[in-house]
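Structure data follow from input_26.csv (CSV, C-alpha atoms):
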```
chain,number,residue,atom,x,y,z
A,1,MET,CA,80.7,99.9,165.3
A,2,ALA,CA,80.6,96.4,166.9
A,3,VAL,CA,82.2,96.1,170.3
A,4,ILE,CA,83.7,93.2,172.2
A,5,SER,CA,81.2,91.9,174.7
A,6,PRO,CA,83.0,91.3,178.0
A,7,ASN,CA,82.7,87.8,179.5
A,8,ARG,CA,84.8,85.3,181.5
A,9,ARG,CA,86.4,83.9,178.4
A,10,VAL,CA,87.8,87.3,177.4
A,11,ARG,CA,89.8,88.5,180.3
A,12,LYS,CA,90.8,92.0,181.3
A,13,THR,CA,94.3,92.6,182.4
A,14,PRO,CA,96.0,94.1,185.5
A,15,PHE,CA,96.5,97.3,183.4
A,16,THR,CA,93.1,97.6,181.8
A,17,PRO,CA,92.0,100.6,184.1
A,18,GLY,CA,95.1,102.5,182.9
A,19,VAL,CA,94.6,101.6,179.2
A,20,GLU,CA,91.0,102.8,179.4
A,21,ALA,CA,91.9,106.0,181.2
A,22,GLU,CA,94.4,106.8,178.5
A,23,GLY,CA,91.7,106.7,175.8
A,24,VAL,CA,92.0,103.3,174.0
A,25,LYS,CA,89.9,103.3,170.9
A,26,GLY,CA,90.0,99.7,169.9
A,27,TYR,CA,90.7,96.2,171.2
A,28,THR,CA,91.3,92.7,169.7
A,29,VAL,CA,91.3,89.4,171.6
A,30,TYR,CA,94.7,87.7,171.9
A,31,ASN,CA,95.2,84.6,174.1
A,32,HIS,CA,91.7,85.1,175.5
A,33,MET,CA,92.7,88.6,176.8
A,34,LEU,CA,92.1,92.1,175.7
A,35,LEU,CA,94.9,93.7,173.6
A,36,ALA,CA,94.6,97.4,172.6
A,37,THR,CA,95.0,98.1,168.9
A,38,VAL,CA,94.8,101.9,168.6
A,39,PHE,CA,94.8,105.1,170.8
A,40,GLU,CA,95.0,108.3,168.7
A,41,SER,CA,95.2,106.6,165.3
A,42,VAL,CA,97.5,103.9,163.9
A,43,GLU,CA,99.4,106.5,162.0
A,44,ALA,CA,99.8,108.9,164.9
A,45,ASP,CA,100.6,106.1,167.3
A,46,ALA,CA,103.4,104.9,164.9
A,47,ALA,CA,104.9,108.4,164.6
A,48,HIS,CA,104.8,108.9,168.4
A,49,LEU,CA,106.5,105.5,169.0
A,50,LYS,CA,109.4,106.4,166.8
A,51,GLN,CA,110.1,109.7,168.6
A,52,HIS,CA,109.2,109.3,172.3
A,53,VAL,CA,108.2,106.4,174.6
A,54,GLN,CA,105.1,104.3,175.0
A,55,VAL,CA,103.8,101.9,177.7
A,56,TRP,CA,102.2,98.8,176.2
A,57,ASP,CA,99.8,96.5,178.0
A,58,VAL,CA,100.9,93.1,176.5
A,59,SER,CA,99.6,90.9,179.3
A,60,CYS,CA,98.1,88.8,176.5
A,61,GLU,CA,101.6,87.4,176.0
A,62,ARG,CA,100.7,84.7,178.5
A,63,GLN,CA,103.4,82.7,180.2
A,64,VAL,CA,103.6,78.9,179.9
A,65,GLN,CA,105.6,77.9,182.9
A,66,ILE,CA,107.7,74.8,182.5
A,67,LYS,CA,109.1,73.7,185.8
A,68,GLY,CA,110.6,70.5,187.2
A,69,PRO,CA,113.5,68.0,186.8
A,70,ASP,CA,112.6,67.3,183.2
A,71,ALA,CA,112.1,70.9,182.1
A,72,LEU,CA,115.2,71.2,179.9
A,73,ARG,CA,114.4,67.8,178.4
A,74,LEU,CA,111.0,69.1,177.4
A,75,MET,CA,112.4,72.3,176.0
A,76,LYS,CA,114.8,70.4,173.8
A,77,MET,CA,111.9,68.4,172.4
A,78,LEU,CA,109.6,71.4,171.8
A,79,SER,CA,112.0,73.6,169.7
A,80,PRO,CA,114.5,73.2,166.8
A,81,ARG,CA,116.7,75.7,168.7
A,82,ASP,CA,119.7,74.4,170.6
A,83,MET,CA,118.6,74.9,174.2
A,84,ASP,CA,121.9,73.7,175.7
A,85,LYS,CA,123.5,77.0,174.5
A,86,MET,CA,121.0,79.1,176.5
A,87,GLN,CA,122.7,80.9,179.3
A,88,ALA,CA,121.4,82.1,182.7
A,89,ASN,CA,119.5,85.4,182.5
A,90,GLN,CA,119.0,85.0,178.8
A,91,CYS,CA,115.9,85.2,176.6
A,92,TYR,CA,115.6,83.0,173.5
A,93,TYR,CA,113.3,83.3,170.4
A,94,VAL,CA,112.2,79.7,170.0
A,95,PRO,CA,110.1,78.4,167.1
A,96,ILE,CA,107.8,75.5,168.2
A,97,VAL,CA,106.9,73.0,165.5
A,98,ASP,CA,104.6,69.9,165.2
A,99,HIS,CA,105.6,66.5,164.0
A,100,ASN,CA,105.3,67.7,160.4
A,101,GLY,CA,107.6,70.7,161.0
A,102,GLY,CA,104.7,73.1,161.0
A,103,MET,CA,104.8,76.2,163.1
A,104,LEU,CA,102.7,76.0,166.3
A,105,ASN,CA,103.9,79.2,168.0
A,106,ASP,CA,107.0,81.4,168.2
A,107,PRO,CA,107.4,82.3,171.9
A,108,VAL,CA,110.2,84.0,173.7
A,109,ALA,CA,111.7,81.7,176.3
A,110,ILE,CA,113.0,83.0,179.6
A,111,LYS,CA,115.4,80.8,181.5
A,112,LEU,CA,114.8,81.4,185.2
A,113,ALA,CA,116.8,78.3,186.3
A,114,ASP,CA,118.0,75.1,184.8
A,115,ASP,CA,114.7,73.5,185.8
A,116,HIS,CA,112.5,76.6,185.3
A,117,TYR,CA,111.4,78.3,182.1
A,118,TRP,CA,108.7,80.7,181.0
A,119,LEU,CA,107.4,80.7,177.4
A,120,SER,CA,106.0,84.1,176.5
A,121,VAL,CA,103.6,82.9,173.8
A,122,ALA,CA,102.0,84.3,170.7
A,123,ASP,CA,98.3,83.8,170.2
A,124,GLY,CA,97.6,80.1,170.7
A,125,ASP,CA,97.1,77.5,173.5
A,126,LEU,CA,100.6,76.2,173.5
A,127,TRP,CA,100.3,74.9,177.1
A,128,GLN,CA,98.0,72.2,175.8
A,129,PHE,CA,100.6,70.9,173.4
A,130,ALA,CA,103.3,70.9,176.1
A,131,LEU,CA,101.0,69.3,178.6
A,132,GLY,CA,100.1,66.5,176.1
A,133,ILE,CA,103.8,65.7,175.6
A,134,VAL,CA,104.4,65.6,179.4
A,135,ILE,CA,101.4,63.2,180.0
A,136,ALA,CA,102.3,61.0,177.0
A,137,LEU,CA,105.9,60.5,178.1
A,138,GLY,CA,105.5,60.7,181.8
A,139,LEU,CA,107.9,63.6,182.2
A,140,ASP,CA,108.5,65.1,185.7
A,141,VAL,CA,107.4,68.6,184.7
A,142,ASP,CA,104.7,70.9,185.9
A,143,ILE,CA,102.9,72.9,183.2
A,144,SER,CA,101.0,76.0,184.4
A,145,GLU,CA,100.1,79.6,183.8
A,146,PRO,CA,101.7,81.8,186.4
A,147,ASP,CA,100.3,85.2,187.5
A,148,VAL,CA,102.7,87.0,185.2
A,149,SER,CA,101.6,89.9,183.0
A,150,PRO,CA,104.2,91.6,180.6
A,151,LEU,CA,104.2,95.3,180.3
A,152,ALA,CA,106.3,96.8,177.5
A,153,VAL,CA,108.1,100.1,177.5
A,154,GLN,CA,109.1,101.0,173.9
A,155,GLY,CA,110.6,103.9,172.0
A,156,PRO,CA,113.9,105.9,171.8
A,157,LYS,CA,113.3,107.4,175.3
A,158,ALA,CA,112.6,104.0,176.9
A,159,ASP,CA,116.0,103.8,178.6
A,160,GLU,CA,115.6,107.1,180.3
A,161,LEU,CA,112.1,106.3,181.6
A,162,MET,CA,113.1,102.9,182.8
A,163,THR,CA,116.2,104.3,184.5
A,164,ARG,CA,114.0,106.7,186.5
A,165,VAL,CA,111.9,103.8,187.7
A,166,PHE,CA,114.4,101.0,188.1
A,167,GLY,CA,117.8,102.7,188.4
A,168,ASP,CA,120.9,102.9,186.3
A,169,GLU,CA,121.3,99.1,186.3
A,170,VAL,CA,118.6,98.9,183.6
A,171,ARG,CA,121.0,100.5,181.1
A,172,ASP,CA,123.4,97.5,181.4
A,173,ILE,CA,120.8,95.0,180.3
A,174,LYS,CA,121.9,93.6,176.9
A,175,PHE,CA,119.5,92.7,174.1
A,176,PHE,CA,117.5,89.6,174.9
A,177,ARG,CA,119.0,89.5,178.4
A,178,TYR,CA,117.3,90.2,181.6
A,179,LYS,CA,117.8,91.3,185.2
A,180,ARG,CA,115.6,91.0,188.2
A,181,LEU,CA,115.1,94.5,189.5
A,182,ALA,CA,113.4,95.8,192.6
A,183,PHE,CA,110.0,97.6,192.6
A,184,GLU,CA,108.3,98.5,195.8
A,185,ASP,CA,108.5,95.4,198.1
A,186,THR,CA,109.0,92.9,195.2
A,187,SER,CA,111.1,92.5,192.1
A,188,PHE,CA,110.4,91.8,188.4
A,189,VAL,CA,112.2,90.2,185.5
A,190,VAL,CA,113.1,93.1,183.2
A,191,ALA,CA,114.3,92.1,179.7
A,192,ARG,CA,115.6,94.3,176.9
A,193,SER,CA,113.1,93.1,174.3
A,194,GLY,CA,109.7,94.0,172.7
A,195,TRP,CA,107.7,93.7,169.5
A,196,SER,CA,109.1,96.9,167.8
A,197,LYS,CA,112.4,98.0,166.3
A,198,GLN,CA,112.4,101.2,168.3
A,199,GLY,CA,114.2,99.7,171.3
A,200,GLY,CA,112.9,99.1,174.8
A,201,PHE,CA,112.0,96.6,177.5
A,202,GLU,CA,109.5,94.1,178.7
A,203,ILE,CA,108.7,94.0,182.4
A,204,TYR,CA,107.3,90.6,183.6
A,205,VAL,CA,104.9,91.7,186.4
A,206,GLU,CA,104.5,88.9,188.9
A,207,GLY,CA,101.3,89.6,190.8
A,208,THR,CA,98.2,91.2,189.5
A,209,ASP,CA,98.0,93.7,192.3
A,210,TYR,CA,101.3,95.3,191.2
A,211,GLY,CA,99.9,96.1,187.7
A,212,MET,CA,98.4,99.6,188.3
A,213,PRO,CA,101.1,100.8,190.8
A,214,LEU,CA,103.8,100.1,188.1
A,215,TRP,CA,101.7,101.7,185.4
A,216,ASP,CA,101.1,104.8,187.4
A,217,THR,CA,104.8,105.0,188.4
A,218,LEU,CA,105.9,104.8,184.7
A,219,PHE,CA,103.5,107.6,183.7
A,220,SER,CA,104.3,109.9,186.6
A,221,ASN,CA,108.0,109.6,185.8
A,222,GLY,CA,107.6,110.1,182.1
A,223,ARG,CA,105.3,113.1,181.6
A,224,ASP,CA,108.2,115.3,180.5
A,225,LEU,CA,109.3,112.5,178.1
A,226,ASN,CA,105.9,112.7,176.4
A,227,VAL,CA,105.0,109.2,177.6
A,228,ARG,CA,101.8,107.7,176.2
A,229,ALA,CA,99.9,104.5,176.3
A,230,GLY,CA,100.5,102.4,173.1
A,231,CYS,CA,100.3,99.0,171.7
A,232,PRO,CA,101.9,96.9,169.0
A,233,ASN,CA,101.7,99.0,165.9
A,234,GLY,CA,100.7,97.6,162.5
A,235,ILE,CA,102.7,100.1,160.5
A,236,GLU,CA,105.9,99.9,162.4
A,237,ARG,CA,106.0,96.2,162.7
A,238,VAL,CA,105.4,95.6,158.9
A,239,GLU,CA,108.1,98.2,158.2
A,240,SER,CA,110.4,96.2,160.5
A,241,GLY,CA,109.5,92.7,159.2
A,242,LEU,CA,108.2,91.5,162.6
A,243,LEU,CA,106.1,88.5,161.9
A,244,SER,CA,102.7,87.9,163.4
A,245,PHE,CA,101.9,84.3,164.2
A,246,GLY,CA,98.5,83.5,162.8
A,247,SER,CA,98.8,86.0,160.0
A,248,ASP,CA,102.2,86.0,158.3
A,249,MET,CA,102.9,82.4,159.4
A,250,ARG,CA,100.7,79.5,160.4
A,251,ARG,CA,100.9,75.8,161.0
A,252,GLU,CA,101.2,75.1,157.2
A,253,ASN,CA,104.5,77.0,157.3
A,254,THR,CA,107.8,75.8,158.5
A,255,PRO,CA,110.5,77.8,160.3
A,256,TYR,CA,112.6,77.7,157.1
A,257,GLU,CA,109.7,79.3,155.2
A,258,CYS,CA,109.5,82.0,157.8
A,259,GLY,CA,113.1,82.9,157.6
A,260,LEU,CA,114.0,81.3,160.9
A,261,ALA,CA,116.6,78.9,159.8
A,262,ARG,CA,119.2,80.4,162.2
A,263,PHE,CA,117.0,79.2,165.1
A,264,CYS,CA,117.0,75.6,163.8
A,265,ASN,CA,120.3,74.5,165.2
A,266,SER,CA,119.6,71.7,167.6
A,267,PRO,CA,121.7,68.5,167.2
A,268,LEU,CA,119.0,66.5,168.9
A,269,ASP,CA,115.9,64.7,167.6
A,270,TYR,CA,113.4,67.4,168.5
A,271,ILE,CA,109.7,66.9,167.4
A,272,GLY,CA,109.5,67.6,163.6
A,273,LYS,CA,113.2,67.3,162.8
A,274,ALA,CA,112.9,64.5,160.3
A,275,ALA,CA,110.1,66.4,158.5
A,276,LEU,CA,112.3,69.4,158.2
A,277,ALA,CA,115.4,67.6,156.9
A,278,ASP,CA,114.8,68.3,153.2
A,279,GLN,CA,114.3,72.1,153.8
A,280,ALA,CA,117.3,72.2,156.1
A,281,LYS,CA,119.4,70.8,153.3
A,282,ASN,CA,117.9,72.3,150.2
A,283,GLY,CA,116.0,75.3,151.4
A,284,PRO,CA,112.2,76.0,151.5
A,285,PRO,CA,109.9,76.1,148.4
A,286,ARG,CA,108.5,79.5,149.6
A,287,GLN,CA,109.7,82.1,152.1
A,288,ILE,CA,108.8,85.4,153.8
A,289,ARG,CA,109.6,88.5,151.7
A,290,SER,CA,109.2,92.3,152.0
A,291,LEU,CA,107.0,93.8,149.3
A,292,VAL,CA,105.9,97.2,148.1
A,293,ILE,CA,102.4,97.5,146.8
A,294,GLU,CA,101.5,100.1,144.2
A,295,GLY,CA,98.4,102.2,144.2
A,296,GLU,CA,96.0,102.8,147.1
A,297,ILE,CA,95.1,100.0,149.4
A,298,GLY,CA,92.7,99.5,152.3
A,299,PRO,CA,93.0,97.5,155.4
A,300,CYS,CA,94.5,94.0,155.0
A,301,THR,CA,91.9,91.9,156.9
A,302,GLU,CA,92.4,88.6,155.0
A,303,SER,CA,95.2,86.9,153.0
A,304,TRP,CA,95.6,88.4,149.5
A,305,PRO,CA,96.8,86.0,146.8
A,306,LEU,CA,99.9,86.7,144.7
A,307,MET,CA,99.2,85.6,141.2
A,308,ALA,CA,101.4,84.9,138.1
A,309,GLY,CA,100.3,83.3,134.9
A,310,GLY,CA,96.9,82.3,136.3
A,311,ARG,CA,98.4,80.5,139.3
A,312,GLN,CA,99.0,81.5,142.9
A,313,VAL,CA,102.6,82.0,143.8
A,314,GLY,CA,102.2,83.3,147.3
A,315,GLN,CA,100.1,85.6,149.5
A,316,VAL,CA,100.2,88.8,151.6
A,317,ALA,CA,98.7,88.7,155.1
A,318,SER,CA,100.1,92.1,156.4
A,319,ALA,CA,100.1,95.4,154.6
A,320,ALA,CA,99.9,99.1,155.5
A,321,TYR,CA,100.7,102.5,154.1
A,322,SER,CA,103.9,103.9,155.7
A,323,PRO,CA,103.8,107.7,156.0
A,324,GLU,CA,107.5,107.7,156.8
A,325,PHE,CA,108.6,105.9,153.6
A,326,GLY,CA,105.7,107.0,151.4
A,327,VAL,CA,104.9,103.5,150.2
A,328,ASN,CA,102.6,100.6,150.9
A,329,VAL,CA,104.7,98.1,152.8
A,330,ALA,CA,103.8,94.4,153.1
A,331,ILE,CA,104.9,91.0,154.3
A,332,GLY,CA,104.3,88.2,152.0
A,333,MET,CA,105.0,84.4,151.7
A,334,VAL,CA,106.4,84.0,148.2
A,335,ASP,CA,107.2,81.0,146.1
A,336,ARG,CA,110.9,80.5,145.2
A,337,SER,CA,110.1,81.1,141.5
A,338,HIS,CA,109.1,84.7,142.3
A,339,TRP,CA,110.9,85.8,145.4
A,340,ALA,CA,113.9,87.5,143.7
A,341,PRO,CA,114.1,91.2,144.5
A,342,GLY,CA,112.6,93.3,141.8
A,343,THR,CA,110.0,90.7,140.8
A,344,ARG,CA,106.6,92.3,140.1
A,345,ILE,CA,103.6,90.1,140.9
A,346,GLU,CA,99.8,90.6,140.7
A,347,LEU,CA,98.2,91.0,144.1
A,348,MET,CA,94.5,90.3,144.4
A,349,THR,CA,93.0,92.4,147.2
A,350,GLU,CA,89.4,93.0,148.2
A,351,HIS,CA,90.0,96.5,146.9
A,352,GLY,CA,91.0,95.3,143.4
A,353,MET,CA,94.2,94.1,141.7
A,354,ARG,CA,97.4,95.8,142.6
A,355,TRP,CA,101.0,95.3,141.5
A,356,ALA,CA,103.4,94.2,144.2
A,357,GLU,CA,107.2,94.2,143.9
A,358,VAL,CA,109.6,92.0,146.0
A,359,GLN,CA,112.2,94.0,148.0
A,360,GLU,CA,115.8,93.3,148.9
A,361,LYS,CA,115.1,93.7,152.6
A,362,PHE,CA,112.7,95.2,155.1
A,363,TRP,CA,112.7,98.9,155.8
A,364,ARG,CA,114.2,98.6,159.3
```
What does this structure look like when you write it as structure tokens?
Amino acid sequence: MAVISPNRRVRKTPFTPGVEAEGVKGYTVYNHMLLATVFESVEADAAHLKQHVQVWDVSCERQVQIKGPDALRLMKMLSPRDMDKMQANQCYYVPIVDHNGGMLNDPVAIKLADDHYWLSVADGDLWQFALGIVIALGLDVDISEPDVSPLAVQGPKADELMTRVFGDEVRDIKFFRYKRLAFEDTSFVVARSGWSKQGGFEIYVEGTDYGMPLWDTLFSNGRDLNVRAGCPNGIERVESGLLSFGSDMRRENTPYECGLARFCNSPLDYIGKAALADQAKNGPPRQIRSLVIEGEIGPCTESWPLMAGGRQVGQVASAAYSPEFGVNVAIGMVDRSHWAPGTRIELMTEHGMRWAEVQEKFWR
């Protein structure tokens, strides 16, 4: 099997020694960093995540720091979401679009102060887009990548483990809110968030040297909880309808096509607003849908066309067999003409043609 060759362009993380000690079996590259993809197996990792607690090295969710007097002005330009409604200690899911309304990224924004934000980005060099706007308009904003590495604690036992490390205060954190909590001689932003539907937290570790001390503390406090190293899981996230930027949605897709209309509520003229006006009024021509695929399937490593009457009516970019539900679950971008629940569509995979059926909703 081919392996990833280490070099300066593909960075290790503050938690890499712990990840490797826990027996990681595979990596991908995400935002120029290592991201684990499997430990025991994708199926076993998913089953464990749903029952216990896992610690995920998601340092690859790099932070774009936006800081300065014009920080809020820039945030209002970058996203269709109404940034004036964002409160202190709050996290926001913020679609970022280009001048044509196409998705560039879907980060989580963290408001540290009125003039200070972090954007926890999906795979993509969003800082270059932000920096280009700052330079072009002469905004008084500094764009940088701080020494911040997120570590996720996910699963039904996450609250118990986090309480042992950070105290009872962690239980009071509401969804997509954060508190700054003490650890050793410093403190971290701790948010109730994460890329799973199993519940949990993300710890924004400021300072590389604190990475392994925190990792070791979590594991030493969680052995009786059956804590394990984990990573974003392909089965669980497709069951849950959690979209992957670069796979399920790309620049050719708008937020409305991605089912993100509720995050397009800014009254201001953000970048791309005019291009999105028709979809805002009349809806998109295609949209993300949950599907079930009949028969056996292999790994989904490329987009699979959805076909009807000899023409393409969509595509599937994420699919997996769900042992819990006993079906092949999938996320597809489907044309309006075929997105009604119960519609059966031909799906062309590299493993042969399969029938796919549009579902009413995702499994979680």
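In this comparison, which uses only C-alpha atoms, the residue of A:Thr163, A:Ser144, A:Trp304, A:Trp215 approaching Gly352 of chain A most closely is A:Trp304.
Using only C-alpha atoms, the smallest distance between any of A:Pro341, A:Ile288, A:Ile331, A:Gly241 and Phe362 of chain A comes from A:Gly241.
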Would you kindly return, as a count of residues only, each protein, DNA or RNA residue with an atom no farther than 7 Å from any atom of Leu181 of chain A, considering all atoms listed in the file and excluding same-chain residues fewer than 3 positions away?
5
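Considering the residues A:Ala21, A:Ala191, A:Val329, A:Val64 and counting all atoms listed in the file, Asp172 of chain A has its shortest atom-to-atom contact with A:Ala191.
The gap separating atom CA of Val148 of chain A from atom CA of Ser59 of chain A is 7.7 Å, in Å to one decimal.
Of note, atom CA of Ser240 of chain A and atom CA of Trp127 of chain A are spaced 28.8 Å apart.
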Within 7 Å of segment 266-282 of chain A, counting all atoms listed in the file, which residues show up once you throw out same-chain ones fewer than 4 positions away? Write them as a ChimeraX atom specification, please.
/A:76-82,97-101,256
Mind listing whatever residues come within 6 Å of the point (107.3, 101.9, 172.6)? Use all atoms listed in the file, file coordinates, and give them as a ChimeraX atom specification.
/A:49,53-54,153-155
Pick out the residues sitting within 9 Å of Glu40 of chain A, and hand them over as a count of residues only; count all atoms listed in the file, and ignore anything fewer than 3 positions along from it in its own chain.
6
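Distance check against Pro14 of chain A using only C-alpha atoms: of A:Gly283, A:Val55, A:Tyr210, A:Gly259, the minimum falls on A:Tyr210.
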Ranking A:Gly246, A:Pro232, A:Gly342, A:Pro285 by minimum distance to Glu302 of chain A and counting all atoms listed in the file, which one comes first?
A:Gly246
Can you pull out the residues contacting Gly167 of chain A? Cut-off 10 Å, using only C-alpha atoms, and skip same-chain residues under 5 positions away; I want them as a short mmCIF file (atom, residue, chain, number, x, y, z; two decimals) with C-alpha atoms, in the frame of the given file.
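Output file result-v1.cif is given in full below:
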```cif
data_model
loop_
_atom_site.label_atom_id
_atom_site.label_comp_id
_atom_site.auth_asym_id
_atom_site.auth_seq_id
_atom_site.Cartn_x
_atom_site.Cartn_y
_atom_site.Cartn_z
CA GLU A 160 115.60 107.10 180.30
CA LEU A 161 112.10 106.30 181.60
CA MET A 162 113.10 102.90 182.80
CA LEU A 181 115.10 94.50 189.50
CA ALA A 182 113.40 95.80 192.60
#
```
Near Ile110 of chain A, counting only C-alpha atoms, which residues have an atom at most 10 Å away, once you skip same-chain residues fewer than 5 positions from it, shown as a ChimeraX atom specification?
/A:63,65,86-93,116-120,176-178,189,191
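Using all atoms listed in the file for every distance, the candidate list A:Pro284, A:Lys197, A:Gly234, A:Ala319 yields A:Pro284 as the residue closest to Ala261 of chain A.
Here atom CA of Asn328 of chain A stands at a distance of 5.1 Å from atom CA of Ile293 of chain A.
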N, CA and C atoms restored at segment 49-75 of chain A, emitted as a short mmCIF file (atom, residue, chain, number, x, y, z; two decimals), keeping the file's coordinate frame:
```
data_model
loop_
_atom_site.label_atom_id
_atom_site.label_comp_id
_atom_site.auth_asym_id
_atom_site.auth_seq_id
_atom_site.Cartn_x
_atom_site.Cartn_y
_atom_site.Cartn_z
N LEU A 49 105.58 106.61 168.60
CA LEU A 49 106.50 105.50 169.00
C LEU A 49 107.89 105.73 168.54
N LYS A 50 108.04 106.26 167.34
CA LYS A 50 109.40 106.40 166.80
C LYS A 50 110.12 107.64 167.35
N GLN A 51 109.43 108.50 168.07
CA GLN A 51 110.10 109.70 168.60
C GLN A 51 110.16 109.74 170.12
N HIS A 52 109.26 109.07 170.81
CA HIS A 52 109.20 109.30 172.30
C HIS A 52 109.21 107.93 173.00
N VAL A 53 108.25 107.68 173.85
CA VAL A 53 108.20 106.40 174.60
C VAL A 53 106.74 106.08 174.88
N GLN A 54 106.45 104.80 174.79
CA GLN A 54 105.10 104.30 175.00
C GLN A 54 105.13 103.16 176.03
N VAL A 55 104.02 103.02 176.75
CA VAL A 55 103.80 101.90 177.70
C VAL A 55 102.73 101.02 177.08
N TRP A 56 103.07 99.76 176.83
CA TRP A 56 102.20 98.80 176.20
C TRP A 56 101.67 97.77 177.17
N ASP A 57 100.37 97.59 177.26
CA ASP A 57 99.80 96.50 178.00
C ASP A 57 99.83 95.24 177.08
N VAL A 58 100.82 94.39 177.28
CA VAL A 58 100.90 93.10 176.50
C VAL A 58 100.77 91.93 177.42
N SER A 59 99.86 92.06 178.39
CA SER A 59 99.60 90.90 179.30
C SER A 59 99.12 89.71 178.52
N CYS A 60 98.60 89.92 177.32
CA CYS A 60 98.10 88.80 176.50
C CYS A 60 99.26 87.88 176.08
N GLU A 61 100.51 88.31 176.22
CA GLU A 61 101.60 87.40 176.00
C GLU A 61 101.74 86.50 177.21
N ARG A 62 100.80 85.58 177.32
CA ARG A 62 100.70 84.70 178.50
C ARG A 62 101.93 83.83 178.64
N GLN A 63 102.26 83.50 179.88
CA GLN A 63 103.40 82.70 180.20
C GLN A 63 102.98 81.20 180.33
N VAL A 64 103.65 80.32 179.62
CA VAL A 64 103.60 78.90 179.90
C VAL A 64 104.75 78.54 180.76
N GLN A 65 104.48 78.19 181.99
CA GLN A 65 105.60 77.90 182.90
C GLN A 65 105.91 76.39 182.81
N ILE A 66 107.19 76.12 182.57
CA ILE A 66 107.70 74.80 182.50
C ILE A 66 108.70 74.59 183.62
N LYS A 67 108.34 73.78 184.61
CA LYS A 67 109.10 73.70 185.80
C LYS A 67 109.23 72.27 186.33
N GLY A 68 110.43 71.85 186.64
CA GLY A 68 110.60 70.50 187.20
C GLY A 68 111.90 69.87 186.67
N PRO A 69 112.26 68.70 187.19
CA PRO A 69 113.50 68.00 186.80
C PRO A 69 113.67 67.79 185.31
N ASP A 70 112.56 67.56 184.60
CA ASP A 70 112.60 67.30 183.20
C ASP A 70 112.34 68.52 182.30
N ALA A 71 112.43 69.72 182.88
CA ALA A 71 112.10 70.90 182.10
C ALA A 71 112.97 71.13 180.92
N LEU A 72 114.28 70.99 181.08
CA LEU A 72 115.20 71.20 179.90
C LEU A 72 114.95 70.10 178.89
N ARG A 73 114.69 68.87 179.32
CA ARG A 73 114.40 67.80 178.40
C ARG A 73 113.21 68.15 177.50
N LEU A 74 112.16 68.68 178.12
CA LEU A 74 111.00 69.10 177.40
C LEU A 74 111.28 70.23 176.43
N MET A 75 112.03 71.21 176.89
CA MET A 75 112.40 72.30 176.00
C MET A 75 113.14 71.89 174.79
#
```
